[in-house]
Structure formats: structure tokens, C-alpha cells
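Have a look at start20.cif below; it lists mmCIF, C-alpha atoms.
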data_model
loop_
_atom_site.label_atom_id
_atom_site.label_comp_id
_atom_site.auth_asym_id
_atom_site.auth_seq_id
_atom_site.Cartn_x
_atom_site.Cartn_y
_atom_site.Cartn_z
CA MET A 228 -1.97 -20.62 -3.02
CA ALA A 229 0.23 -23.69 -3.15
CA PRO A 230 3.69 -23.46 -1.53
CA ASP A 231 5.45 -23.83 -4.89
CA ASP A 232 3.49 -20.87 -6.25
CA ALA A 233 4.19 -18.79 -3.15
CA ARG A 234 7.95 -19.23 -3.32
CA ASN A 235 8.49 -16.47 -5.88
CA VAL A 236 5.54 -14.23 -5.07
CA GLU A 237 6.22 -10.52 -5.06
CA LEU A 238 3.82 -8.26 -3.20
CA VAL A 239 3.01 -5.00 -4.95
CA PHE A 240 2.36 -2.36 -2.32
CA GLY A 241 1.40 0.97 -3.83
CA GLY A 242 -0.07 4.07 -2.32
CA THR A 243 0.34 7.73 -1.61
CA PHE A 244 2.40 7.15 1.56
CA ASP A 245 1.62 10.66 2.78
CA PRO A 246 3.66 10.07 4.93
CA PRO A 247 4.80 6.45 5.30
CA HIS A 248 4.23 5.29 8.88
CA ARG A 249 5.03 2.30 11.05
CA ARG A 250 1.79 0.54 10.16
CA HIS A 251 2.63 0.59 6.45
CA VAL A 252 5.83 -1.32 7.11
CA GLU A 253 4.26 -3.63 9.68
CA MET A 254 1.34 -4.50 7.41
CA ALA A 255 3.58 -5.21 4.42
CA SER A 256 5.93 -7.36 6.51
CA ARG A 257 3.10 -9.39 8.02
CA ALA A 258 1.46 -9.85 4.64
CA ALA A 259 4.75 -11.06 3.17
CA ASP A 260 5.09 -13.50 6.07
CA ALA A 261 1.55 -14.79 5.53
CA LEU A 262 2.16 -15.41 1.82
CA GLY A 263 5.78 -16.48 2.09
CA ALA A 264 6.52 -13.70 -0.40
CA ALA A 265 10.05 -13.32 -1.70
CA ALA A 266 9.83 -9.54 -2.14
CA ILE A 267 7.73 -6.48 -1.37
CA LEU A 268 7.69 -4.00 -4.25
CA VAL A 269 6.85 -0.67 -2.61
CA ILE A 270 5.71 1.84 -5.22
CA PRO A 271 4.75 5.38 -4.14
CA ALA A 272 2.22 7.05 -6.41
CA ALA A 273 2.96 10.30 -8.18
CA LEU A 274 -0.73 11.09 -7.79
CA ASN A 275 -3.70 8.86 -7.06
CA PRO A 276 -6.06 9.45 -10.03
CA GLN A 277 -9.03 9.43 -7.65
CA ARG A 278 -7.69 12.47 -5.80
CA ALA A 279 -8.97 15.84 -6.94
CA SER A 280 -5.63 17.66 -7.02
CA ALA A 281 -1.91 17.37 -6.50
CA LEU A 282 -0.62 16.70 -3.00
CA PRO A 283 1.16 19.47 -1.08
CA VAL A 284 4.12 17.14 -0.46
CA ALA A 285 6.03 16.42 -3.67
CA ALA A 286 6.25 12.87 -4.96
CA GLU A 287 10.05 12.98 -4.74
CA ASP A 288 9.87 13.82 -1.03
CA ARG A 289 7.41 11.00 -0.36
CA LEU A 290 9.61 8.61 -2.33
CA ALA A 291 12.60 9.56 -0.18
CA LEU A 292 10.58 9.02 3.01
CA VAL A 293 9.38 5.61 1.81
CA ARG A 294 12.97 4.55 1.16
CA ILE A 295 13.85 5.46 4.74
CA ALA A 296 10.73 3.84 6.19
CA PHE A 297 11.34 0.48 4.50
CA ALA A 298 15.14 0.43 4.82
CA LYS A 299 15.04 -2.12 7.64
CA GLU A 300 12.72 -4.57 5.83
CA PRO A 301 15.09 -6.80 3.83
CA ARG A 302 12.40 -7.99 1.41
CA ALA A 303 11.37 -4.45 0.44
CA ARG A 304 12.37 -2.90 -2.85
CA VAL A 305 11.23 0.70 -3.22
CA LEU A 306 10.58 1.47 -6.89
CA ASP A 307 10.16 4.89 -8.48
CA LEU A 308 8.12 3.69 -11.48
CA GLU A 309 5.10 5.89 -10.81
CA VAL A 310 7.09 8.92 -9.68
CA ARG A 311 9.20 8.77 -12.86
CA ARG A 312 6.15 8.22 -15.03
CA GLY A 313 4.38 11.20 -13.50
CA PRO A 314 0.69 11.64 -12.67
CA PRO A 315 -1.83 10.18 -12.74
CA SER A 316 -0.68 6.82 -11.32
CA TYR A 317 -2.80 3.97 -12.66
CA THR A 318 -2.11 0.55 -11.18
CA ILE A 319 -2.70 -1.21 -14.49
CA ASP A 320 0.12 0.83 -16.07
CA THR A 321 2.43 -0.11 -13.21
CA LEU A 322 1.61 -3.82 -13.46
CA GLU A 323 2.25 -3.76 -17.20
CA GLU A 324 5.59 -2.06 -16.63
CA LEU A 325 6.50 -4.60 -13.96
CA ALA A 326 5.66 -7.41 -16.40
CA ARG A 327 8.00 -5.86 -18.99
CA LEU A 328 10.70 -5.84 -16.30
CA GLY A 329 10.23 -9.57 -15.72
CA HIS A 330 7.98 -9.62 -12.64
CA THR A 331 5.48 -12.39 -13.32
CA ASN A 332 4.13 -13.68 -9.98
CA LEU A 333 2.53 -10.65 -8.36
CA ARG A 334 -0.04 -10.09 -5.62
CA LEU A 335 -1.52 -6.66 -4.99
CA LEU A 336 -1.49 -5.74 -1.30
CA ILE A 337 -4.51 -3.58 -0.48
CA GLY A 338 -6.77 -2.74 2.43
CA SER A 339 -10.36 -3.93 2.47
CA ASP A 340 -11.58 -0.41 1.68
CA GLN A 341 -9.69 -0.41 -1.61
CA ALA A 342 -10.67 -4.00 -2.36
CA LEU A 343 -14.30 -2.91 -2.32
CA ASN A 344 -13.39 0.15 -4.39
CA LEU A 345 -11.55 -1.85 -7.07
CA PRO A 346 -14.42 -1.75 -9.61
CA THR A 347 -13.85 2.02 -9.90
CA TRP A 348 -10.20 1.54 -10.93
CA ARG A 349 -9.08 1.70 -14.54
CA ALA A 350 -9.09 -1.79 -16.14
CA TRP A 351 -9.78 -3.27 -12.72
CA SER A 352 -10.47 -6.80 -13.93
CA GLU A 353 -7.06 -6.81 -15.65
CA VAL A 354 -5.49 -5.53 -12.43
CA VAL A 355 -7.03 -8.47 -10.55
CA ARG A 356 -5.91 -10.92 -13.25
CA LYS A 357 -2.32 -9.66 -13.33
CA ALA A 358 -1.96 -9.30 -9.54
CA PRO A 359 -4.68 -11.04 -7.51
CA PRO A 360 -5.38 -8.95 -4.41
CA ALA A 361 -3.97 -9.85 -1.02
CA ILE A 362 -6.37 -8.08 1.32
CA VAL A 363 -5.88 -6.74 4.84
CA VAL A 364 -9.03 -5.92 6.81
CA ARG A 365 -9.42 -2.24 7.67
CA PRO A 366 -11.98 -0.54 9.92
CA PRO A 367 -14.92 -0.17 9.85
CA HIS A 368 -14.98 -3.77 8.63
CA ASP A 369 -14.22 -6.93 10.50
CA ARG A 370 -13.99 -10.29 8.75
CA GLU A 371 -17.71 -11.04 8.99
CA SER A 372 -18.93 -7.65 7.80
CA LEU A 373 -16.36 -7.74 5.00
CA ARG A 374 -17.76 -11.09 3.83
CA GLN A 375 -21.18 -9.47 3.58
CA ALA A 376 -19.72 -6.45 1.76
CA PHE A 377 -18.05 -8.74 -0.77
CA ALA A 378 -21.38 -10.52 -1.34
CA GLU A 379 -23.00 -7.18 -2.13
CA ARG A 380 -20.15 -6.02 -4.37
CA PHE A 381 -18.92 -9.03 -6.34
CA ASP A 382 -20.43 -11.99 -8.18
CA ASP A 383 -17.86 -14.37 -6.65
CA PRO A 384 -17.68 -13.28 -2.99
CA GLU A 385 -16.07 -16.49 -1.73
CA THR A 386 -13.12 -15.90 -4.06
CA TRP A 387 -12.68 -12.50 -2.43
CA VAL A 388 -13.04 -13.91 1.07
CA GLY A 389 -10.25 -16.34 0.18
CA ARG A 390 -7.98 -13.42 -0.65
CA VAL A 391 -8.19 -11.95 2.87
CA LEU A 392 -4.94 -12.44 4.75
CA PRO A 393 -4.68 -13.59 8.38
CA VAL A 394 -3.18 -10.23 9.30
CA SER A 395 -4.46 -7.89 12.01
CA ALA A 396 -6.56 -4.94 10.93
CA ALA A 397 -4.82 -1.88 9.52
CA ASP A 398 -6.17 0.69 11.99
CA LEU A 399 -3.90 3.69 11.38
CA SER A 400 -4.24 6.28 8.64
CA SER A 401 -1.80 8.82 7.26
CA THR A 402 -4.40 11.48 8.09
CA GLU A 403 -3.81 10.80 11.79
CA VAL A 404 -0.05 11.02 11.28
CA ARG A 405 -0.32 14.34 9.43
CA ALA A 406 -2.50 15.74 12.23
CA ALA A 407 0.10 14.78 14.85
CA LEU A 408 2.88 16.34 12.78
CA ALA A 409 0.93 19.55 12.20
CA ALA A 410 0.11 19.82 15.91
CA GLY A 411 3.74 19.26 16.89
CA ASP A 412 2.69 16.32 19.07
CA GLU A 413 6.13 14.73 19.35
CA THR A 414 4.98 11.96 21.68
CA ARG A 415 2.36 10.79 19.20
CA VAL A 416 4.72 11.28 16.25
CA ALA A 417 7.25 9.01 17.95
CA GLU A 418 4.56 6.32 18.26
CA LEU A 419 3.49 6.58 14.63
CA LEU A 420 6.72 7.15 12.70
CA ASP A 421 10.11 5.54 12.47
CA PRO A 422 12.48 8.08 14.11
CA GLU A 423 14.53 8.40 10.93
CA VAL A 424 11.39 9.17 8.93
CA ALA A 425 10.38 11.80 11.51
CA GLN A 426 13.87 13.30 11.35
CA ALA A 427 13.74 13.47 7.54
CA ILE A 428 10.32 15.14 7.67
CA ARG A 429 11.67 17.79 10.02
CA ALA A 430 14.80 18.32 7.93
CA ARG A 431 12.72 18.81 4.78
CA GLY A 432 10.20 21.08 6.51
CA LEU A 433 7.25 18.88 5.57
CA TYR A 434 3.76 18.55 7.08
CA ARG A 435 3.86 21.78 9.02
CA ARG A 436 0.61 23.44 10.00
#

Let me see whether you can do it: turn the structure in this file into C-alpha cells.
Amino acid sequence: MAPDDARNVELVFGGTFDPPHRRHVEMASRAADALGAAAILVIPAALNPQRASALPVAAEDRLALVRIAFAKEPRARVLDLEVRRGPPSYTIDTLEELARLGHTNLRLLIGSDQALNLPTWRAWSEVVRKAPPAIVVRPPHDRESLRQAFAERFDDPETWVGRVLPVSAADLSSTEVRAALAAGDETRVAELLDPEVAQAIRARGLYRR
């Protein structure tokens, strides 16, 4: 991407954020740095349509936690588009709504696992056209194995390789965070969560065993 194009880029960072952890914020910040992005549009899902059932933690609670988690990132704007719209949360609907609101230079921030899963998304080619992916490598892939995976998945693998950001691998999952919270492992929780997010989780009585 040319510098002039990058100047007004807005990263779209969606997800369940169940719960939002330090790595979410770190990954978004580093991706924004790599692209020179002007803003990070953080959009918690009401419900991922590829999940079988509703989450035990309400969308409104996750939205509140995301607002706390990203409060110290000045480029972040937490939007409630998908929570207000209600489930299921399709990315194409969100991108179309963002376009109506005047957002025209978007990149979709996703992990390599979801990049490979994109062909299962609703109107995925339109998603890619409206917001070309900005990809962060996630285990079990490294850059070389991801190149091979792209070659097996897409007709234009070099285009996809070019979308991979020079950002360190996203090696933390919300599943690990939930396990630490359920176990009451305060030492691990302190490593994984912003203290204000952890405090809000406790105050709301979320993620108990």
C-alpha cells in the first residue's frame, strides 16, 4: 500500500472478545503501526454466526469490557454496530453499514486462521473487496507454512502473502484467559488482562467456574 493510501486507513477489528485480553490490544496497535492506520474500529460481535449457540456472557457485557480494554489506545474507536444489530453478526453487513457511515478506506484485521477460513464467510469475496485483509500470523502457522496454506486455499496465493503484516504471532487465545479466570489463577489473570478489565469482570461476576 502506498503511503498516500495508508494515511486514512481504518482497521476493522471484529471478534467475540470473550474476554478482551492484552494481546488483542497489542496486536491491533502493532498492526495499526505497521499500516500507518489512522484508526482502529473495534467491533464486538453480538454472536459469531459460525458458533452453535449464544455465548454465556452477554454481548453488552463484552462490549463494556472492550471499551475498558482499548481505552488507552488513542486510535481505537469501539463501535456497537453488531451488538445493536443483534445476532448473527455477519462481517459483510458491518462493512456495508460502515460504508453508509462514510468509512471508505478499510482493512480487515484478522488472524491467519480466519484468513484461511474466509471462504466460509457470507459474501466473502465482497468482504475482501470492501476491506482487504491485514493478516497476523497465528499458531500453528509460521510465515512459511502459511504461504503453503495460502497456495492450497486460494488461486492468488502471492496476493495473500502480501497481506501478511510484519507483526509477531498472536499466540494467546481467549480460551486460555477464561480458563485462568475460572480457576481463580490471579497471577495468570494479571499477566493476561488489563487490571481494569479484570476488575470489571469481577464486579460483573463474569467467567466464574

Check: Distance atom CA of A:Arg415-atom CA of A:Leu306, one decimal place?
Finding: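 Calculated distance between atom CA of A:Arg415 and atom CA of A:Leu306 is 28.9 Å.
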
Next item on the list: Report as an MDAnalysis selection string the full result of the PyMOL selection byres ((chain A and resi 257-259) around 12) when it is applied to this structure.
Entry: chainID A and resid 233:240 250:256 260:268 300:303 333:338 360:364 390:397

Notebook entry, point to check: Around (12.0, 19.0, 6.6) in the file's frame, which residues reach within 12 Å when counting only C-alpha atoms? Return as a list in words?
Noted result: Val284, Asp288, Arg289, Ala291, Leu292, Leu408, Glu423, Val424, Ala425, Gln426, Ala427, Ile428, Arg429, Ala430, Arg431, Gly432, Leu433, Tyr434 and Arg435 of chain A

Notebook entry, point to check: Interatomic distance between atom CA of A:His248 and atom CA of A:Val305?
Noted result: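 Atom CA of A:His248 sits 14.7 Å away from atom CA of A:Val305.
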
Notebook entry, point to check: Pick the closest to A:Asp320 from A:Ala406, A:Glu371, A:Pro346, A:Lys357: which is it, counting only C-alpha atoms?
Noted result: A:Lys357

Checklist line | Shortest interatomic distance to A:Arg356 - which of A:Val404, A:Thr331, A:Glu413, A:Pro384, counting only C-alpha atoms | finding: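 For A:Arg356, the nearest of the candidates is A:Thr331.
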
Check: Which is closer to A:Pro283 than all the others in A:Gly313, A:Asp382, A:Thr243, A:Ile295, using all atoms listed in the file?
Finding: A:Thr243

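Using only C-alpha atoms, the smallest distance between any of A:Glu309, A:Asp383, A:Asp340, A:Asp369 and A:Pro276 comes from A:Glu309.
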
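Counting all atoms listed in the file, the residue from A:Arg365, A:Ile270, A:Trp348, A:Arg278 that sits nearest to A:Leu325 is A:Ile270.
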
Note to self: I want to know what sits within 8 Å of stretch 351-354 of chain A, based on all atoms listed in the file, with residues of the same chain fewer than 6 positions away left out; could you give that as a VMD selection string?
What the structure shows: chain A and resid 318 to 319 322 345

Checklist line | Minimum-distance residue to A:Leu290, chosen among A:Asp245, A:Leu328, A:Ala407, A:Pro314 (using only C-alpha atoms) | finding: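 Of A:Asp245, A:Leu328, A:Ala407, A:Pro314, the one nearest A:Leu290, counting only C-alpha atoms, is A:Asp245.
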
Notebook entry, point to check: What separation in Å, quoted to one decimal, exists between atom CA of A:Arg405 and atom CA of A:Pro315?
Noted result: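 One can read the atom CA of A:Arg405 to atom CA of A:Pro315 distance as 22.6 Å.
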
Note to self: With all atoms listed in the file as the counted atoms, please give the residues lying no more than 10 Å from A:Arg374, apart from itself and same-chain residues fewer than 5 positions off, as a ChimeraX atom specification.
What the structure shows: /A:368-369,379-380,384-385,387-389,391

With 3 Å added on each side, what axis-aligned box encloses every listed atom of stretch 242-260 of chain A? Give the centre and edge lengths in Å to one decimal, as lines of an AutoDock Vina configuration file.
center_x = 2.9
center_y = -1.4
center_z = 4.4
size_x = 12.0
size_y = 30.2
size_z = 19.4
